[in-house]
Amino acid sequence: MRGKKTFSHQFAVSIVFMGMVSGMLMLFPAISRGQINIGNEQLKLNYQQPKEYEIAGVTVSGVKYLDKGVLIMISGLKVGDKVKVPGDSFRNAIKKLWDQGLFEYVNISATHVEEQSIFLNIALRERPRLSRFSFNGIKKAEADKIREEIQIVRGDVVNDNLIKTASNRIISYFTEKGYLDATVDVLQSPDTSKANNVILTFDINKNDRIKIYNIDIIGNKNLTEQKILKSFKNTKEKGAFKPFDDVELLIWNSIGAALKFNFDSVPIIANNYINENIKIRIFKSSKYIDSEFDEDKQTLIDKYNALGFRDAKIISDSVYRHDEKTININVKVDEGDRYYFGNITWIGNTKYNDELLNSILRIKKGDIYNKEALNTNLSFNPAGMDVSSLYLDDGYLFFQAVPIETRVENDTIDLEIRIREGKQARINKVLVKGNTKTNDRVIVRELRSRPGQLFSRTDIIRTTRELAQLKYFNPETIEPDIQPNPVDGTVDIIYGVEETSADQIELSGGWGYGRIIGTLGLSFNNFSLRNVFNGNAWRPVPSGDGQKLSLRLQSYGKGYISYSVSFTEPWLGGRKPNAFSVSYYHSLYSNGLSKNNPLRSSFTIDGITFGLGKRLKWPDDFFSLYQAINLQIYNLTNYSSIFPVGDGNGKYNNFNYNIILSRNSVDAPIYARSGSEVSLSLELTPPYSAFNDKNYSTLTENEKYKWIEYHKWKIKANFYTKLIGNLVLSTRTQLGFLGSYNDQLGVTPFERFYLGGDGLSGYNNLDGRELIGMRGYGNETITPDYYLNSNMGGTIYSKYTFEVRYPLSLNPNATIYALTFLEAGNSWANFANFNPFKVYRSAGFGIRVFLPMFGVLGLDWGYGFDAVPGIPGANKGQFHFSINQSID
């Protein structure tokens, strides 16, 4: 009704030139004469012979909030213009004003006529303005998102178009969420506090989300319906668990097939029954979204094409109601014939011969015709080499390879791949844009693409990875902009980056081992040491040079305090990626009595580490080598209750050398989808016992371990495999071994392994013990003889993890992913007892949240399946909190 009313207004004011003070409208086309009242006079209008006047003045009435001069200009009626009365000038003026959408009433009248001059008035009634708007029937989070969708703001003119557009966008928003029956009613009320302002209330009823009851595939012969439905990534049938529905038919049909000796059909009958009655949805709910359905249909065609059915097509599809809450979908396909590759010939290749190109293409005559594999092996193969990479990594930026089907006979297709090599392109400029905090030199030293070099696609991909590994930029938005110049054979490369917060703060309080622990940690991961004395650089700390400064303090009052400081320069000397680091740490654990009290007991550790890391070029440049020298001094006073050996007094020195060979090829540091992390480490002390003639069997334990000696080996491997989309499988394994040089001395009580729980180290890490997290079990409970309070730890451990991850948010300011896991592990007192298959098992789920300020925070629930001897509550359901992947 509102639309009809608007149209009638426009019709009335557009076809008649109105000047009637009395308000009469002449709407009868058969009448050839009309009149306009001007005071007490009447201006006779002859529609067949209009009279010309000169506009002597134009005024505007009824407007409070708009500029009158601008409105006169919009109307096109200017003083001095000649107009015919009646005539098109007034009809056009009314249309121009009406088209602005600002008015609900437009009228032009003559206020005075003097001979050939006419004075006009434009009478307007403004539409109301939007004062505010609100939503009923939805949650606050949904309302916040819809505000962004509808794109209306305070002060907008409220008209039918605004209301209709906003309502349609709201309905579209919920339709995209699967709420196909969503409705919107708009209530308009005046704002009593502001003249000519209204308040809009959007009354939203989402109704139930419409799910898909059944998807019926028609015409498929070479692909089963189940395989087709699995290929649909987004369009899924609703979950069902009806294992006993129609079970009698399952039994009857199976028996019938067996009696006919048709045993091959029995598994098919059972499989169809299971697929029909048991549909479990974990990662994708059932909902219908039109755009996603279109994507899934194209996915189906791609699947057929990959199987050789290059002419496969969808003949028709239909969506119709099953009941109030569900719909059915029918998809009719025409598979066509299956094709095979015939002869493949190369034309235009001068740089590389046919034999080499065929080996990279990896397609032979007689293979199933797979256009996707053809294009992948020609253009870009993320899992291996392709023909384009061969050329593009050697500077041939303008290279093209176009496959042409030259002959199709029966089921065989011959191909001719036409190569246009072009000239080699050299890099002219390499630019970086978007770094507002990080200094250019920090980024430039990570670039593999340099001016003057031949263009290389591999260098660009690797540079993108290296920039992401810095953790200073959003890895999801690092995008190289390649700008070729065919005229001079050069190319400019621009790397666009988006800065994120790299610094982290740890501020926490917790309960553990019967005590309340407070922790404060600061990590400045993009620090600038050279600007420490530059007052202008403190915003809030000097940054931009890629150095790392970490400070940490942990305490629970007088009894325990620990602090540490470390600094890392990733490019020592500024020319090569040699990372130099130095760190110092101190911890004190005591009974809280004063130093002068003879009953005081304490355990202090002081340590300093100097490390040097280096990137290697062999076997490939994903390898790195880290070496460090560590000095630790353990000082005990009356502390036999905690320390497992000796009388609780004395000093123990640990001077060791550590070397780690690692390879890291993950594509992203926070949420990796591909690549691996593998490391082999060795930590060893000098074999002091080999340099003296002491009989260690007769020495006290204080004397035995004054100079600690051992060798510790560790292997860690983590492989990431993309399953579907962003669903990732992380496969991890760890193995550690602590050995001795002298059988008389035995394995040191220091540096042992303690398995189980969250893996968080802190005040209980007094004897250099290494805590290995394992979910589903209590802290350190999977440790040899732990229930006897021996406190000795293990000398060997192994741990295996299968973890499936799915991201809930990839926003660099709040990366969130959920996970589910299977885990197994154990630790042993000595190598003689080691059995890698005798492990404690667990399963569970969890969530990880990466916040730039705090790092990676984790919460997991694990269920330990195997009881731990002597510790009844060590397994079964356990919650675990972790910081910076301590549990991983």
# chains A, B, ... in the order shown; residues from 1 in each chain; ligands from 1
>>> closest_atom_pairs(of="region 762-815 of chain A", to="region 843-860 of chain A", cutoff="10 Å", atoms="only C-alpha atoms", output="Markdown table")
| residue | atom | partner | partner_atom | distance |
| --- | --- | --- | --- | --- |
| A:Arg775 | CA | A:Asp860 | CA | 7.5 |
| A:Gly776 | CA | A:Ala843 | CA | 7.1 |
| A:Thr801 | CA | A:Ala843 | CA | 9.6 |
| A:Phe802 | CA | A:Ala843 | CA | 9.5 |
| A:Glu803 | CA | A:Phe845 | CA | 9.0 |
| A:Val804 | CA | A:Phe845 | CA | 9.3 |
| A:Arg805 | CA | A:Ile847 | CA | 9.0 |
| A:Tyr806 | CA | A:Ile847 | CA | 9.6 |
| A:Pro807 | CA | A:Arg848 | CA | 9.3 |
| A:Leu808 | CA | A:Ile847 | CA | 9.6 |
| A:Ser809 | CA | A:Val849 | CA | 9.2 |
| A:Leu810 | CA | A:Phe850 | CA | 9.5 |
| A:Asn811 | CA | A:Phe850 | CA | 9.4 |
| A:Pro812 | CA | A:Pro852 | CA | 7.7 |
| A:Asn813 | CA | A:Leu851 | CA | 5.8 |
| A:Ala814 | CA | A:Leu851 | CA | 5.1 |
| A:Thr815 | CA | A:Phe850 | CA | 5.0 |
>>> write_last_selection(atoms="N, CA, C and O atoms", output="tab-separated table (two decimals), in the first residue's frame")
chain	number	residue	atom	x	y	z
A	775	ARG	N	48.27	-35.51	27.75
A	775	ARG	CA	46.90	-35.27	28.18
A	775	ARG	C	46.22	-36.56	28.64
A	775	ARG	O	46.54	-37.65	28.19
A	776	GLY	N	45.28	-36.39	29.57
A	776	GLY	CA	44.56	-37.53	30.11
A	776	GLY	C	45.17	-38.11	31.36
A	776	GLY	O	44.61	-39.04	31.96
A	801	THR	N	51.49	-38.78	18.99
A	801	THR	CA	50.26	-38.00	18.96
A	801	THR	C	49.69	-37.95	17.56
A	801	THR	O	50.43	-37.70	16.59
A	802	PHE	N	48.38	-38.18	17.46
A	802	PHE	CA	47.62	-37.91	16.25
A	802	PHE	C	46.59	-36.84	16.61
A	802	PHE	O	45.76	-37.06	17.51
A	803	GLU	N	46.63	-35.72	15.91
A	803	GLU	CA	45.76	-34.60	16.28
A	803	GLU	C	45.13	-34.00	15.02
A	803	GLU	O	45.85	-33.67	14.07
A	804	VAL	N	43.82	-33.87	15.03
A	804	VAL	CA	43.10	-33.25	13.92
A	804	VAL	C	42.67	-31.86	14.37
A	804	VAL	O	42.04	-31.70	15.42
A	805	ARG	N	42.98	-30.86	13.54
A	805	ARG	CA	42.71	-29.46	13.90
A	805	ARG	C	41.78	-28.82	12.86
A	805	ARG	O	41.87	-29.13	11.68
A	806	TYR	N	40.95	-27.90	13.35
A	806	TYR	CA	40.10	-27.14	12.43
A	806	TYR	C	39.99	-25.70	12.94
A	806	TYR	O	39.67	-25.47	14.10
A	807	PRO	N	40.28	-24.71	12.07
A	807	PRO	CA	40.28	-23.31	12.54
A	807	PRO	C	38.87	-22.75	12.68
A	807	PRO	O	38.02	-22.93	11.82
A	808	LEU	N	38.65	-22.06	13.79
A	808	LEU	CA	37.41	-21.32	13.99
A	808	LEU	C	37.60	-19.85	13.61
A	808	LEU	O	36.64	-19.18	13.25
A	809	SER	N	38.82	-19.36	13.70
A	809	SER	CA	39.14	-18.00	13.28
A	809	SER	C	40.61	-17.96	12.91
A	809	SER	O	41.47	-18.43	13.66
A	810	LEU	N	40.91	-17.38	11.74
A	810	LEU	CA	42.29	-17.20	11.30
A	810	LEU	C	42.71	-15.74	11.37
A	810	LEU	O	43.70	-15.33	10.78
A	811	ASN	N	41.91	-14.95	12.12
A	811	ASN	CA	42.27	-13.56	12.33
A	811	ASN	C	43.60	-13.49	13.08
A	811	ASN	O	43.76	-14.14	14.11
A	812	PRO	N	44.58	-12.74	12.57
A	812	PRO	CA	45.90	-12.71	13.23
A	812	PRO	C	45.84	-12.17	14.65
A	812	PRO	O	46.74	-12.44	15.45
A	813	ASN	N	44.81	-11.40	14.98
A	813	ASN	CA	44.68	-10.86	16.32
A	813	ASN	C	43.97	-11.83	17.27
A	813	ASN	O	43.93	-11.59	18.47
A	814	ALA	N	43.41	-12.89	16.74
A	814	ALA	CA	42.75	-13.90	17.57
A	814	ALA	C	42.58	-15.16	16.74
A	814	ALA	O	41.50	-15.45	16.23
A	815	THR	N	43.67	-15.92	16.58
A	815	THR	CA	43.60	-17.18	15.85
A	815	THR	C	43.10	-18.27	16.79
A	815	THR	O	43.67	-18.48	17.86
>>> residues_around(residues="Gly773 (chain A)", least_positions_apart="2", cutoff="8 Å", atoms="only C-alpha atoms", output="list in words")
Leu755, Gly756, Gly757, Asp758, Gly759, Leu760, Leu771, Arg775, Asn779, Ser886, Ile887 and Asp888 of chain A
>>> closest_residue(among="A:Leu723, A:Ile170, A:Ile461, A:Val491", to="Thr183 (chain A)", atoms="only C-alpha atoms")
A:Ile170
>>> closest_residue(among="A:Ser594, A:Ser730, A:Ser740, A:Asn833", to="Thr820 (chain A)", atoms="only C-alpha atoms")
A:Ser730
>>> residues_around(residues="Ile315 (chain A)", least_positions_apart="6", cutoff="7 Å", atoms="only C-alpha atoms", output="MDAnalysis selection string")
chainID A and resid 332:334
>>> write_last_selection(atoms="C-alpha atoms", output="short mmCIF file (atom, residue, chain, number, x, y, z; two decimals), in the first residue's frame")
data_model
loop_
_atom_site.label_atom_id
_atom_site.label_comp_id
_atom_site.auth_asym_id
_atom_site.auth_seq_id
_atom_site.Cartn_x
_atom_site.Cartn_y
_atom_site.Cartn_z
CA LYS A 332 20.24 -35.22 -12.33
CA VAL A 333 23.60 -35.89 -13.98
CA ASP A 334 24.76 -37.01 -17.40
#
>>> select_by_dssp(residues="region 610-658 of chain A", states="strand (DSSP E)", output="number ranges by chain")
A: 610-615, 623-637, 650-658
>>> closest_residue(among="A:Glu115, A:Ile108, A:Gly794, A:Ile443", to="Gln469 (chain A)", atoms="only C-alpha atoms")
A:Ile443
>>> residues_around(residues="region 652-654 of chain A", least_positions_apart="6", cutoff="7 Å", atoms="only C-alpha atoms", output="PyMOL selection string")
chain A and resi 631-635+705-708
>>> residues_around(residues="region 124-131 of chain A", least_positions_apart="6", cutoff="10 Å", atoms="only C-alpha atoms", output="count of residues only")
36
>>> residues_around(residues="region 386-397 of chain A", least_positions_apart="5", cutoff="6 Å", atoms="only C-alpha atoms", output="list in words")
Ile360, Asn377, Leu378, Ser379, Phe380, Asn381, Gln424, Ala425, Leu454, Phe455, Ser456 and Arg457 of chain A
>>> write_last_selection(atoms="all heavy atoms", output="short mmCIF file (atom, residue, chain, number, x, y, z; two decimals), in the first residue's frame")
data_model
loop_
_atom_site.label_atom_id
_atom_site.label_comp_id
_atom_site.auth_asym_id
_atom_site.auth_seq_id
_atom_site.Cartn_x
_atom_site.Cartn_y
_atom_site.Cartn_z
N ILE A 360 58.24 -34.54 -16.18
CA ILE A 360 57.63 -33.62 -15.21
C ILE A 360 56.11 -33.64 -15.32
O ILE A 360 55.40 -33.54 -14.32
CB ILE A 360 58.18 -32.19 -15.41
CG1 ILE A 360 59.68 -32.17 -15.12
CG2 ILE A 360 57.45 -31.18 -14.53
CD1 ILE A 360 60.35 -30.85 -15.42
N ASN A 377 49.96 -30.20 -13.34
CA ASN A 377 51.35 -30.53 -13.69
C ASN A 377 51.94 -29.59 -14.72
O ASN A 377 53.16 -29.53 -14.89
CB ASN A 377 51.43 -31.97 -14.19
CG ASN A 377 51.12 -32.98 -13.10
OD1 ASN A 377 51.23 -32.67 -11.92
ND2 ASN A 377 50.73 -34.18 -13.48
N LEU A 378 51.07 -28.83 -15.39
CA LEU A 378 51.57 -27.81 -16.31
C LEU A 378 51.81 -26.49 -15.60
O LEU A 378 52.82 -25.83 -15.83
CB LEU A 378 50.57 -27.59 -17.45
CG LEU A 378 50.64 -28.51 -18.66
CD1 LEU A 378 49.54 -28.15 -19.65
CD2 LEU A 378 52.00 -28.45 -19.34
N SER A 379 50.88 -26.11 -14.71
CA SER A 379 50.89 -24.74 -14.19
C SER A 379 51.42 -24.62 -12.77
O SER A 379 52.35 -23.89 -12.51
CB SER A 379 49.47 -24.16 -14.26
OG SER A 379 49.01 -24.16 -15.60
N PHE A 380 50.80 -25.34 -11.82
CA PHE A 380 51.24 -25.19 -10.43
C PHE A 380 50.87 -26.43 -9.65
O PHE A 380 49.70 -26.73 -9.46
CB PHE A 380 50.62 -23.96 -9.78
CG PHE A 380 51.09 -23.75 -8.36
CD1 PHE A 380 52.40 -23.39 -8.11
CD2 PHE A 380 50.23 -23.92 -7.29
CE1 PHE A 380 52.84 -23.20 -6.81
CE2 PHE A 380 50.66 -23.73 -6.00
CZ PHE A 380 51.99 -23.36 -5.75
N ASN A 381 51.89 -27.13 -9.20
CA ASN A 381 51.69 -28.34 -8.41
C ASN A 381 52.28 -28.11 -7.03
O ASN A 381 53.49 -28.14 -6.85
CB ASN A 381 52.37 -29.54 -9.08
CG ASN A 381 52.10 -30.84 -8.35
OD1 ASN A 381 51.44 -30.85 -7.31
ND2 ASN A 381 52.60 -31.93 -8.89
N GLN A 424 63.94 -14.40 -20.96
CA GLN A 424 64.15 -14.42 -19.52
C GLN A 424 63.99 -13.00 -18.96
O GLN A 424 64.48 -12.03 -19.55
CB GLN A 424 65.54 -14.97 -19.18
CG GLN A 424 65.67 -16.47 -19.40
CD GLN A 424 67.07 -16.95 -19.13
OE1 GLN A 424 68.02 -16.49 -19.75
NE2 GLN A 424 67.21 -17.89 -18.21
N ALA A 425 63.30 -12.91 -17.82
CA ALA A 425 63.05 -11.61 -17.20
C ALA A 425 63.93 -11.45 -15.97
O ALA A 425 64.08 -12.38 -15.18
CB ALA A 425 61.58 -11.48 -16.81
N LEU A 454 67.57 -13.27 -12.03
CA LEU A 454 66.52 -13.81 -12.89
C LEU A 454 65.27 -14.07 -12.04
O LEU A 454 65.37 -14.47 -10.87
CB LEU A 454 66.98 -15.11 -13.56
CG LEU A 454 68.02 -14.98 -14.68
CD1 LEU A 454 68.47 -16.36 -15.13
CD2 LEU A 454 67.45 -14.19 -15.87
N PHE A 455 64.12 -13.85 -12.61
CA PHE A 455 62.87 -14.09 -11.91
C PHE A 455 62.77 -15.57 -11.51
O PHE A 455 63.12 -16.46 -12.28
CB PHE A 455 61.69 -13.72 -12.81
CG PHE A 455 60.35 -14.03 -12.20
CD1 PHE A 455 59.74 -13.14 -11.34
CD2 PHE A 455 59.70 -15.22 -12.48
CE1 PHE A 455 58.51 -13.41 -10.77
CE2 PHE A 455 58.47 -15.52 -11.93
CZ PHE A 455 57.87 -14.61 -11.07
N SER A 456 62.29 -15.82 -10.29
CA SER A 456 62.11 -17.18 -9.80
C SER A 456 60.85 -17.26 -8.96
O SER A 456 60.74 -16.56 -7.94
CB SER A 456 63.32 -17.64 -8.98
OG SER A 456 63.04 -18.88 -8.33
N ARG A 457 59.90 -18.09 -9.38
CA ARG A 457 58.66 -18.24 -8.62
C ARG A 457 58.93 -18.90 -7.27
O ARG A 457 58.32 -18.53 -6.26
CB ARG A 457 57.64 -19.08 -9.40
CG ARG A 457 56.31 -19.21 -8.69
CD ARG A 457 55.25 -19.84 -9.57
NE ARG A 457 55.52 -21.24 -9.85
CZ ARG A 457 54.71 -22.02 -10.58
NH1 ARG A 457 53.60 -21.49 -11.11
NH2 ARG A 457 55.00 -23.27 -10.80
#
>>> closest_residue(among="A:Ile329, A:Leu529, A:Leu522, A:Ala56", to="Glu237 (chain A)", atoms="only C-alpha atoms")
A:Ile329
